[in-house]
file final17.pdb (PDB, N, CA and C atoms and all ligand atoms)
ATOM      1  N   MET A   1      28.850  41.492 -17.015
ATOM      2  CA  MET A   1      29.141  40.699 -18.190
ATOM      3  C   MET A   1      27.881  40.551 -19.029
ATOM      4  N   LYS A   2      28.056  40.662 -20.320
ATOM      5  CA  LYS A   2      26.915  40.603 -21.228
ATOM      6  C   LYS A   2      26.705  39.163 -21.715
ATOM      7  N   THR A   3      25.449  38.721 -21.739
ATOM      8  CA  THR A   3      25.111  37.378 -22.198
ATOM      9  C   THR A   3      24.917  37.398 -23.697
ATOM     10  N   PRO A   4      25.474  36.435 -24.446
ATOM     11  CA  PRO A   4      25.237  36.396 -25.893
ATOM     12  C   PRO A   4      23.735  36.345 -26.184
ATOM     13  N   ALA A   5      23.336  36.907 -27.296
ATOM     14  CA  ALA A   5      21.921  37.052 -27.633
ATOM     15  C   ALA A   5      21.144  35.743 -27.616
ATOM     16  N   ASN A   6      21.718  34.653 -28.114
ATOM     17  CA  ASN A   6      20.955  33.395 -28.175
ATOM     18  C   ASN A   6      21.268  32.445 -27.017
ATOM     19  N   ALA A   7      22.075  32.854 -26.053
ATOM     20  CA  ALA A   7      22.381  32.010 -24.893
ATOM     21  C   ALA A   7      21.351  32.275 -23.800
ATOM     22  N   PRO A   8      20.954  31.224 -23.076
ATOM     23  CA  PRO A   8      19.983  31.444 -22.001
ATOM     24  C   PRO A   8      20.580  32.319 -20.914
ATOM     25  N   SER A   9      19.810  33.239 -20.421
ATOM     26  CA  SER A   9      20.299  34.116 -19.368
ATOM     27  C   SER A   9      20.331  33.348 -18.052
ATOM     28  N   GLU A  10      21.007  33.921 -17.078
ATOM     29  CA  GLU A  10      21.099  33.262 -15.774
ATOM     30  C   GLU A  10      19.715  33.115 -15.139
ATOM     31  N   SER A  11      18.879  34.170 -15.299
ATOM     32  CA  SER A  11      17.542  34.096 -14.703
ATOM     33  C   SER A  11      16.701  33.022 -15.411
ATOM     34  N   HIS A  12      16.933  32.847 -16.713
ATOM     35  CA  HIS A  12      16.232  31.789 -17.442
ATOM     36  C   HIS A  12      16.651  30.420 -16.892
ATOM     37  N   ALA A  13      17.951  30.250 -16.613
ATOM     38  CA  ALA A  13      18.449  28.983 -16.074
ATOM     39  C   ALA A  13      17.844  28.717 -14.699
ATOM     40  N   VAL A  14      17.730  29.759 -13.869
ATOM     41  CA  VAL A  14      17.151  29.593 -12.531
ATOM     42  C   VAL A  14      15.684  29.196 -12.656
ATOM     43  N   LEU A  15      14.963  29.865 -13.569
ATOM     44  CA  LEU A  15      13.555  29.533 -13.773
ATOM     45  C   LEU A  15      13.406  28.107 -14.274
ATOM     46  N   SER A  16      14.282  27.691 -15.204
ATOM     47  CA  SER A  16      14.215  26.329 -15.733
ATOM     48  C   SER A  16      14.457  25.324 -14.625
ATOM     49  N   ARG A  17      15.434  25.594 -13.761
ATOM     50  CA  ARG A  17      15.734  24.684 -12.655
ATOM     51  C   ARG A  17      14.530  24.591 -11.713
ATOM     52  N   ARG A  18      13.927  25.755 -11.427
ATOM     53  CA  ARG A  18      12.742  25.757 -10.539
ATOM     54  C   ARG A  18      11.597  24.966 -11.165
ATOM     55  N   ARG A  19      11.402  25.173 -12.473
ATOM     56  CA  ARG A  19      10.326  24.470 -13.167
ATOM     57  C   ARG A  19      10.586  22.953 -13.139
ATOM     58  N   PHE A  20      11.857  22.581 -13.349
ATOM     59  CA  PHE A  20      12.230  21.161 -13.331
ATOM     60  C   PHE A  20      11.948  20.569 -11.950
ATOM     61  N   LEU A  21      12.385  21.267 -10.893
ATOM     62  CA  LEU A  21      12.196  20.745  -9.540
ATOM     63  C   LEU A  21      10.702  20.645  -9.202
ATOM     64  N   ALA A  22       9.924  21.627  -9.646
ATOM     65  CA  ALA A  22       8.477  21.586  -9.392
ATOM     66  C   ALA A  22       7.847  20.406 -10.121
ATOM     67  N   THR A  23       8.312  20.145 -11.352
ATOM     68  CA  THR A  23       7.779  19.022 -12.125
ATOM     69  C   THR A  23       8.116  17.705 -11.448
ATOM     70  N   VAL A  24       9.359  17.588 -10.962
ATOM     71  CA  VAL A  24       9.786  16.364 -10.281
ATOM     72  C   VAL A  24       8.944  16.157  -9.025
ATOM     73  N   ALA A  25       8.687  17.230  -8.288
ATOM     74  CA  ALA A  25       7.898  17.125  -7.060
ATOM     75  C   ALA A  25       6.478  16.655  -7.365
ATOM     76  N   VAL A  26       5.872  17.215  -8.403
ATOM     77  CA  VAL A  26       4.502  16.821  -8.778
ATOM     78  C   VAL A  26       4.492  15.379  -9.250
ATOM     79  N   ALA A  27       5.470  15.000 -10.075
ATOM     80  CA  ALA A  27       5.535  13.622 -10.569
ATOM     81  C   ALA A  27       5.737  12.659  -9.409
ATOM     82  N   GLY A  28       6.581  13.023  -8.469
ATOM     83  CA  GLY A  28       6.826  12.163  -7.313
ATOM     84  C   GLY A  28       5.565  11.965  -6.504
ATOM     85  N   ALA A  29       4.804  13.026  -6.333
ATOM     86  CA  ALA A  29       3.562  12.920  -5.570
ATOM     87  C   ALA A  29       2.563  12.026  -6.292
ATOM     88  N   ALA A  30       2.549  12.101  -7.618
ATOM     89  CA  ALA A  30       1.609  11.293  -8.386
ATOM     90  C   ALA A  30       1.916   9.811  -8.288
ATOM     91  N   PHE A  31       3.202   9.466  -8.144
ATOM     92  CA  PHE A  31       3.570   8.065  -8.092
ATOM     93  C   PHE A  31       3.745   7.540  -6.677
ATOM     94  N   ALA A  32       3.552   8.370  -5.681
ATOM     95  CA  ALA A  32       3.703   7.913  -4.297
ATOM     96  C   ALA A  32       2.621   6.888  -3.993
ATOM     97  N   LEU A  33       2.969   5.921  -3.168
ATOM     98  CA  LEU A  33       1.989   4.914  -2.780
ATOM     99  C   LEU A  33       0.902   5.568  -1.951
ATOM    100  N   PRO A  34      -0.338   5.152  -2.151
ATOM    101  CA  PRO A  34      -1.400   5.744  -1.344
ATOM    102  C   PRO A  34      -1.253   5.339   0.116
ATOM    103  N   ALA A  35      -1.601   6.236   0.998
ATOM    104  CA  ALA A  35      -1.565   5.911   2.416
ATOM    105  C   ALA A  35      -2.689   4.938   2.708
ATOM    106  N   ALA A  36      -2.512   4.149   3.759
ATOM    107  CA  ALA A  36      -3.523   3.149   4.101
ATOM    108  C   ALA A  36      -4.895   3.785   4.268
ATOM    109  N   ALA A  37      -4.916   5.013   4.799
ATOM    110  CA  ALA A  37      -6.187   5.696   5.025
ATOM    111  C   ALA A  37      -6.898   6.000   3.714
ATOM    112  N   ASP A  38      -6.134   6.074   2.608
ATOM    113  CA  ASP A  38      -6.724   6.373   1.302
ATOM    114  C   ASP A  38      -7.281   5.123   0.626
ATOM    115  N   LEU A  39      -6.933   3.960   1.126
ATOM    116  CA  LEU A  39      -7.356   2.715   0.503
ATOM    117  C   LEU A  39      -8.717   2.288   1.036
ATOM    118  N   ALA A  40      -9.526   1.781   0.127
ATOM    119  CA  ALA A  40     -10.831   1.264   0.542
ATOM    120  C   ALA A  40     -10.612  -0.051   1.281
ATOM    121  N   PRO A  41     -11.366  -0.279   2.347
ATOM    122  CA  PRO A  41     -11.227  -1.553   3.060
ATOM    123  C   PRO A  41     -11.607  -2.721   2.152
ATOM    124  N   LEU A  42     -10.876  -3.793   2.259
ATOM    125  CA  LEU A  42     -11.179  -4.997   1.486
ATOM    126  C   LEU A  42     -12.464  -5.618   2.030
ATOM    127  N   PRO A  43     -13.495  -5.700   1.206
ATOM    128  CA  PRO A  43     -14.726  -6.330   1.706
ATOM    129  C   PRO A  43     -14.562  -7.859   1.738
ATOM    130  N   GLU A  44     -15.111  -8.490   2.728
ATOM    131  CA  GLU A  44     -15.031  -9.950   2.821
ATOM    132  C   GLU A  44     -15.792 -10.603   1.676
ATOM    133  N   THR A  45     -16.654  -9.835   1.024
ATOM    134  CA  THR A  45     -17.441 -10.351  -0.100
ATOM    135  C   THR A  45     -16.685 -10.280  -1.421
ATOM    136  N   ASP A  46     -15.509  -9.644  -1.423
ATOM    137  CA  ASP A  46     -14.678  -9.603  -2.626
ATOM    138  C   ASP A  46     -14.407 -11.054  -3.049
ATOM    139  N   PRO A  47     -14.548 -11.382  -4.338
ATOM    140  CA  PRO A  47     -14.385 -12.782  -4.769
ATOM    141  C   PRO A  47     -13.052 -13.404  -4.352
ATOM    142  N   THR A  48     -11.957 -12.657  -4.491
ATOM    143  CA  THR A  48     -10.648 -13.201  -4.106
ATOM    144  C   THR A  48     -10.563 -13.345  -2.591
ATOM    145  N   ALA A  49     -11.100 -12.358  -1.887
ATOM    146  CA  ALA A  49     -11.102 -12.423  -0.420
ATOM    147  C   ALA A  49     -11.904 -13.637   0.047
ATOM    148  N   GLN A  50     -13.036 -13.857  -0.607
ATOM    149  CA  GLN A  50     -13.865 -15.014  -0.249
ATOM    150  C   GLN A  50     -13.132 -16.314  -0.525
ATOM    151  N   ALA A  51     -12.476 -16.373  -1.681
ATOM    152  CA  ALA A  51     -11.754 -17.596  -2.057
ATOM    153  C   ALA A  51     -10.653 -17.911  -1.048
ATOM    154  N   LEU A  52     -10.062 -16.856  -0.482
ATOM    155  CA  LEU A  52      -8.971 -17.049   0.485
ATOM    156  C   LEU A  52      -9.470 -17.048   1.923
ATOM    157  N   GLY A  53     -10.773 -16.942   2.107
ATOM    158  CA  GLY A  53     -11.348 -16.987   3.448
ATOM    159  C   GLY A  53     -10.981 -15.784   4.298
ATOM    160  N   TYR A  54     -10.769 -14.628   3.659
ATOM    161  CA  TYR A  54     -10.374 -13.433   4.420
ATOM    162  C   TYR A  54     -11.449 -13.023   5.408
ATOM    163  N   LYS A  55     -11.009 -12.739   6.622
ATOM    164  CA  LYS A  55     -11.876 -12.159   7.650
ATOM    165  C   LYS A  55     -11.156 -10.947   8.226
ATOM    166  N   ALA A  56     -11.869  -9.826   8.304
ATOM    167  CA  ALA A  56     -11.284  -8.622   8.880
ATOM    168  C   ALA A  56     -10.975  -8.822  10.359
ATOM    169  N   ASP A  57     -11.723  -9.706  10.982
ATOM    170  CA  ASP A  57     -11.480 -10.090  12.374
ATOM    171  C   ASP A  57     -11.085 -11.566  12.356
ATOM    172  N   GLY A  58      -9.807 -11.814  12.569
ATOM    173  CA  GLY A  58      -9.290 -13.175  12.476
ATOM    174  C   GLY A  58      -9.966 -14.160  13.415
ATOM    175  N   SER A  59     -10.600 -13.666  14.476
ATOM    176  CA  SER A  59     -11.272 -14.588  15.404
ATOM    177  C   SER A  59     -12.537 -15.178  14.774
ATOM    178  N   GLN A  60     -12.951 -14.626  13.630
ATOM    179  CA  GLN A  60     -14.162 -15.106  12.953
ATOM    180  C   GLN A  60     -13.864 -16.152  11.875
ATOM    181  N   VAL A  61     -12.604 -16.551  11.757
ATOM    182  CA  VAL A  61     -12.230 -17.528  10.725
ATOM    183  C   VAL A  61     -12.926 -18.858  11.016
ATOM    184  N   ASP A  62     -13.428 -19.452   9.946
ATOM    185  CA  ASP A  62     -14.115 -20.742  10.046
ATOM    186  C   ASP A  62     -13.067 -21.827  10.322
ATOM    187  N   ALA A  63     -12.988 -22.281  11.572
ATOM    188  CA  ALA A  63     -11.964 -23.248  11.990
ATOM    189  C   ALA A  63     -12.119 -24.592  11.278
ATOM    190  N   ALA A  64     -13.362 -24.962  10.950
ATOM    191  CA  ALA A  64     -13.581 -26.235  10.266
ATOM    192  C   ALA A  64     -13.020 -26.179   8.846
ATOM    193  N   LYS A  65     -13.171 -25.022   8.219
ATOM    194  CA  LYS A  65     -12.714 -24.854   6.846
ATOM    195  C   LYS A  65     -11.209 -24.584   6.771
ATOM    196  N   PHE A  66     -10.683 -23.925   7.804
ATOM    197  CA  PHE A  66      -9.258 -23.567   7.823
ATOM    198  C   PHE A  66      -8.630 -24.062   9.132
ATOM    199  N   PRO A  67      -8.453 -25.374   9.266
ATOM    200  CA  PRO A  67      -7.955 -25.932  10.527
ATOM    201  C   PRO A  67      -6.530 -25.520  10.883
ATOM    202  N   LYS A  68      -5.758 -25.061   9.904
ATOM    203  CA  LYS A  68      -4.367 -24.662  10.197
ATOM    204  C   LYS A  68      -4.269 -23.252  10.770
ATOM    205  N   HIS A  69      -5.374 -22.508  10.732
ATOM    206  CA  HIS A  69      -5.352 -21.140  11.276
ATOM    207  C   HIS A  69      -5.178 -21.186  12.786
ATOM    208  N   THR A  70      -4.330 -20.305  13.292
ATOM    209  CA  THR A  70      -4.173 -20.163  14.743
ATOM    210  C   THR A  70      -4.456 -18.708  15.107
ATOM    211  N   PRO A  71      -4.849 -18.439  16.359
ATOM    212  CA  PRO A  71      -5.131 -17.059  16.764
ATOM    213  C   PRO A  71      -3.916 -16.138  16.640
ATOM    214  N   GLN A  72      -2.710 -16.719  16.661
ATOM    215  CA  GLN A  72      -1.504 -15.891  16.556
ATOM    216  C   GLN A  72      -1.276 -15.388  15.125
ATOM    217  N   GLN A  73      -1.890 -16.054  14.155
ATOM    218  CA  GLN A  73      -1.724 -15.641  12.755
ATOM    219  C   GLN A  73      -2.636 -14.456  12.477
ATOM    220  N   GLN A  74      -2.030 -13.332  12.183
ATOM    221  CA  GLN A  74      -2.793 -12.120  11.868
ATOM    222  C   GLN A  74      -2.090 -11.380  10.734
ATOM    223  N   CYS A  75      -2.854 -10.584  10.007
ATOM    224  CA  CYS A  75      -2.254  -9.789   8.933
ATOM    225  C   CYS A  75      -1.043  -9.008   9.452
ATOM    226  N   ALA A  76      -1.128  -8.506  10.669
ATOM    227  CA  ALA A  76      -0.048  -7.690  11.230
ATOM    228  C   ALA A  76       1.296  -8.407  11.216
ATOM    229  N   ASN A  77       1.284  -9.739  11.324
ATOM    230  CA  ASN A  77       2.570 -10.446  11.300
ATOM    231  C   ASN A  77       2.690 -11.356  10.068
ATOM    232  N   CYS A  78       1.954 -10.990   9.025
ATOM    233  CA  CYS A  78       2.026 -11.725   7.752
ATOM    234  C   CYS A  78       3.051 -11.052   6.849
ATOM    235  N   ASN A  79       3.724 -11.847   6.105
ATOM    236  CA  ASN A  79       4.760 -11.343   5.197
ATOM    237  C   ASN A  79       4.206 -10.411   4.126
ATOM    238  N   PHE A  80       2.928 -10.522   3.806
ATOM    239  CA  PHE A  80       2.335  -9.707   2.745
ATOM    240  C   PHE A  80       1.771  -8.381   3.255
ATOM    241  N   TYR A  81       1.720  -8.213   4.556
ATOM    242  CA  TYR A  81       1.161  -6.984   5.138
ATOM    243  C   TYR A  81       2.189  -5.874   5.063
ATOM    244  N   GLN A  82       1.755  -4.711   4.604
ATOM    245  CA  GLN A  82       2.685  -3.598   4.460
ATOM    246  C   GLN A  82       2.277  -2.418   5.325
ATOM    247  N   GLY A  83       1.408  -2.662   6.271
ATOM    248  CA  GLY A  83       0.958  -1.593   7.128
ATOM    249  C   GLY A  83       1.739  -1.549   8.432
ATOM    250  N   THR A  84       1.539  -0.479   9.157
ATOM    251  CA  THR A  84       2.165  -0.334  10.467
ATOM    252  C   THR A  84       1.106   0.041  11.503
ATOM    253  N   ALA A  85      -0.134   0.111  11.052
ATOM    254  CA  ALA A  85      -1.212   0.528  11.948
ATOM    255  C   ALA A  85      -2.310  -0.526  11.942
ATOM    256  N   ALA A  86      -3.487  -0.138  12.404
ATOM    257  CA  ALA A  86      -4.614  -1.064  12.506
ATOM    258  C   ALA A  86      -5.112  -1.537  11.156
ATOM    259  N   VAL A  87      -4.872  -0.735  10.123
ATOM    260  CA  VAL A  87      -5.192  -1.147   8.758
ATOM    261  C   VAL A  87      -3.992  -0.834   7.877
ATOM    262  N   GLY A  88      -3.878  -1.596   6.790
ATOM    263  CA  GLY A  88      -2.749  -1.342   5.905
ATOM    264  C   GLY A  88      -2.881  -2.129   4.624
ATOM    265  N   PRO A  89      -2.019  -1.825   3.676
ATOM    266  CA  PRO A  89      -2.060  -2.531   2.403
ATOM    267  C   PRO A  89      -1.555  -3.967   2.529
ATOM    268  N   CYS A  90      -2.081  -4.821   1.667
ATOM    269  CA  CYS A  90      -1.621  -6.209   1.562
ATOM    270  C   CYS A  90      -1.212  -6.414   0.109
ATOM    271  N   GLN A  91      -0.092  -7.048  -0.104
ATOM    272  CA  GLN A  91       0.407  -7.249  -1.467
ATOM    273  C   GLN A  91      -0.548  -8.086  -2.313
ATOM    274  N   LEU A  92      -1.376  -8.879  -1.696
ATOM    275  CA  LEU A  92      -2.304  -9.734  -2.455
ATOM    276  C   LEU A  92      -3.552  -8.982  -2.907
ATOM    277  N   PHE A  93      -3.822  -7.850  -2.277
ATOM    278  CA  PHE A  93      -5.036  -7.108  -2.597
ATOM    279  C   PHE A  93      -4.690  -5.653  -2.911
ATOM    280  N   PRO A  94      -4.082  -5.415  -4.085
ATOM    281  CA  PRO A  94      -3.672  -4.058  -4.432
ATOM    282  C   PRO A  94      -4.851  -3.093  -4.439
ATOM    283  N   GLY A  95      -4.619  -1.903  -3.903
ATOM    284  CA  GLY A  95      -5.651  -0.874  -3.905
ATOM    285  C   GLY A  95      -6.649  -0.999  -2.778
ATOM    286  N   LYS A  96      -6.497  -2.000  -1.934
ATOM    287  CA  LYS A  96      -7.410  -2.196  -0.802
ATOM    288  C   LYS A  96      -6.580  -2.248   0.485
ATOM    289  N   SER A  97      -7.249  -2.054   1.590
ATOM    290  CA  SER A  97      -6.565  -2.200   2.871
ATOM    291  C   SER A  97      -7.177  -3.375   3.629
ATOM    292  N   VAL A  98      -6.353  -4.027   4.394
ATOM    293  CA  VAL A  98      -6.823  -5.114   5.253
ATOM    294  C   VAL A  98      -6.568  -4.689   6.696
ATOM    295  N   THR A  99      -7.190  -5.386   7.612
ATOM    296  CA  THR A  99      -7.005  -5.011   9.013
ATOM    297  C   THR A  99      -5.828  -5.784   9.609
ATOM    298  N   ALA A 100      -5.148  -5.158  10.541
ATOM    299  CA  ALA A 100      -3.983  -5.793  11.187
ATOM    300  C   ALA A 100      -4.397  -7.082  11.894
ATOM    301  N   LYS A 101      -5.647  -7.125  12.379
ATOM    302  CA  LYS A 101      -6.100  -8.328  13.093
ATOM    303  C   LYS A 101      -6.846  -9.298  12.178
ATOM    304  N   GLY A 102      -6.762  -9.027  10.864
ATOM    305  CA  GLY A 102      -7.418  -9.901   9.892
ATOM    306  C   GLY A 102      -6.592 -11.141   9.592
ATOM    307  N   TRP A 103      -7.120 -11.938   8.698
ATOM    308  CA  TRP A 103      -6.431 -13.173   8.295
ATOM    309  C   TRP A 103      -7.039 -13.681   7.003
ATOM    310  N   CYS A 104      -6.201 -14.350   6.203
ATOM    311  CA  CYS A 104      -6.695 -15.125   5.066
ATOM    312  C   CYS A 104      -5.788 -16.340   4.910
ATOM    313  N   SER A 105      -6.216 -17.282   4.084
ATOM    314  CA  SER A 105      -5.488 -18.553   3.976
ATOM    315  C   SER A 105      -4.160 -18.428   3.231
ATOM    316  N   ALA A 106      -3.859 -17.248   2.675
ATOM    317  CA  ALA A 106      -2.555 -17.047   2.035
ATOM    318  C   ALA A 106      -1.509 -16.597   3.051
ATOM    319  N   TYR A 107      -1.903 -16.569   4.307
ATOM    320  CA  TYR A 107      -1.003 -16.099   5.383
ATOM    321  C   TYR A 107       0.354 -16.791   5.326
ATOM    322  N   VAL A 108       1.395 -15.974   5.410
ATOM    323  CA  VAL A 108       2.773 -16.476   5.530
ATOM    324  C   VAL A 108       3.435 -15.662   6.638
ATOM    325  N   ALA A 109       3.944 -16.339   7.640
ATOM    326  CA  ALA A 109       4.570 -15.627   8.758
ATOM    327  C   ALA A 109       5.745 -14.792   8.268
ATOM    328  N   LYS A 110       5.841 -13.585   8.825
ATOM    329  CA  LYS A 110       6.972 -12.711   8.510
ATOM    330  C   LYS A 110       8.267 -13.410   8.896
ATOM    331  N   ALA A 111       9.249 -13.327   8.037
ATOM    332  CA  ALA A 111      10.531 -13.995   8.332
ATOM    333  C   ALA A 111      11.283 -13.219   9.413
TER
HETATM  334  S1  LIG B   1      -2.072 -12.335   2.702
HETATM  335 FE1  LIG B   1      -1.511 -11.899   4.822
HETATM  336  S2  LIG B   1      -1.782  -9.683   5.058
HETATM  337 FE2  LIG B   1      -2.865 -10.288   3.206
HETATM  338  S3  LIG B   1      -4.973 -10.636   3.879
HETATM  339 FE3  LIG B   1      -3.927 -12.617   3.923
HETATM  340  S4  LIG B   1      -3.161 -12.813   6.045
HETATM  341 FE4  LIG B   1      -3.681 -10.651   5.704
END

call {"tool": "encode", "arguments": {"input": "final17.pdb", "output": "structure tokens"}}
result
Amino acid sequence: MKTPANAPSESHAVLSRRRFLATVAVAGAAFALPAAADLAPLPETDPTAQALGYKADGSQVDAAKFPKHTPQQQCANCNFYQGTAAVGPCQLFPGKSVTAKGWCSAYVAKA
């Protein structure tokens, strides 16, 4: 069968579909959330981290300053923690990673 002169050929349609799928794949990769390993660790000296009393090691929390902190409260079981490993993202500190055994005063137990 002959294709009309100004109609896209079948091979053109296949190429367009491939180009579209490749574009979608690249765009998807660009918008994917960074893996925890790609995130810089949240320094305890970060102004917001300091204000919230963040400690990468929850056992180092100043008990006098944060009397409500308990050893059971850790980033790993905080509602804002989005990691599944020893380090992971926290919704309060975009672009940084916190440690699973860390803590800050914004801690909210996972429901
Ligand atoms: S909000 Fe939760 S997960 Fe984030 S640093 Fe504080 S205790 Fe850790």

call {"tool": "resolve_selection", "arguments": {"input": "final17.pdb", "expression": "the PyMOL selection byres (((chain A and resi 81-97 and name CA) around 12) and not hetatm and name CA)", "output": "number ranges by chain"}}
result
A: 33-44, 46-49, 52, 54, 56-57, 73-80, 98-110

call {"tool": "atom_distance", "arguments": {"input": "final17.pdb", "atom1": "CA of Gln50 (chain A)", "atom2": "atom S3 of ligand LIG 1 (chain B)"}}
result
10.7 Å

call {"tool": "atom_distance", "arguments": {"input": "final17.pdb", "atom1": "CA of Gln72 (chain A)", "atom2": "CA of Ser59 (chain A)"}}
result
9.9 Å

call {"tool": "closest_residue", "arguments": {"input": "final17.pdb", "among": "A:Thr70, A:Lys65, A:Lys55, A:Ala111", "to": "ligand LIG 1 (chain B)", "atoms": "all atoms listed in the file"}}
result
A:Lys55

call {"tool": "atom_distance", "arguments": {"input": "final17.pdb", "atom1": "atom FE1 of ligand LIG 1 (chain B)", "atom2": "atom C of Ala63 (chain A)"}}
result
17.8 Å
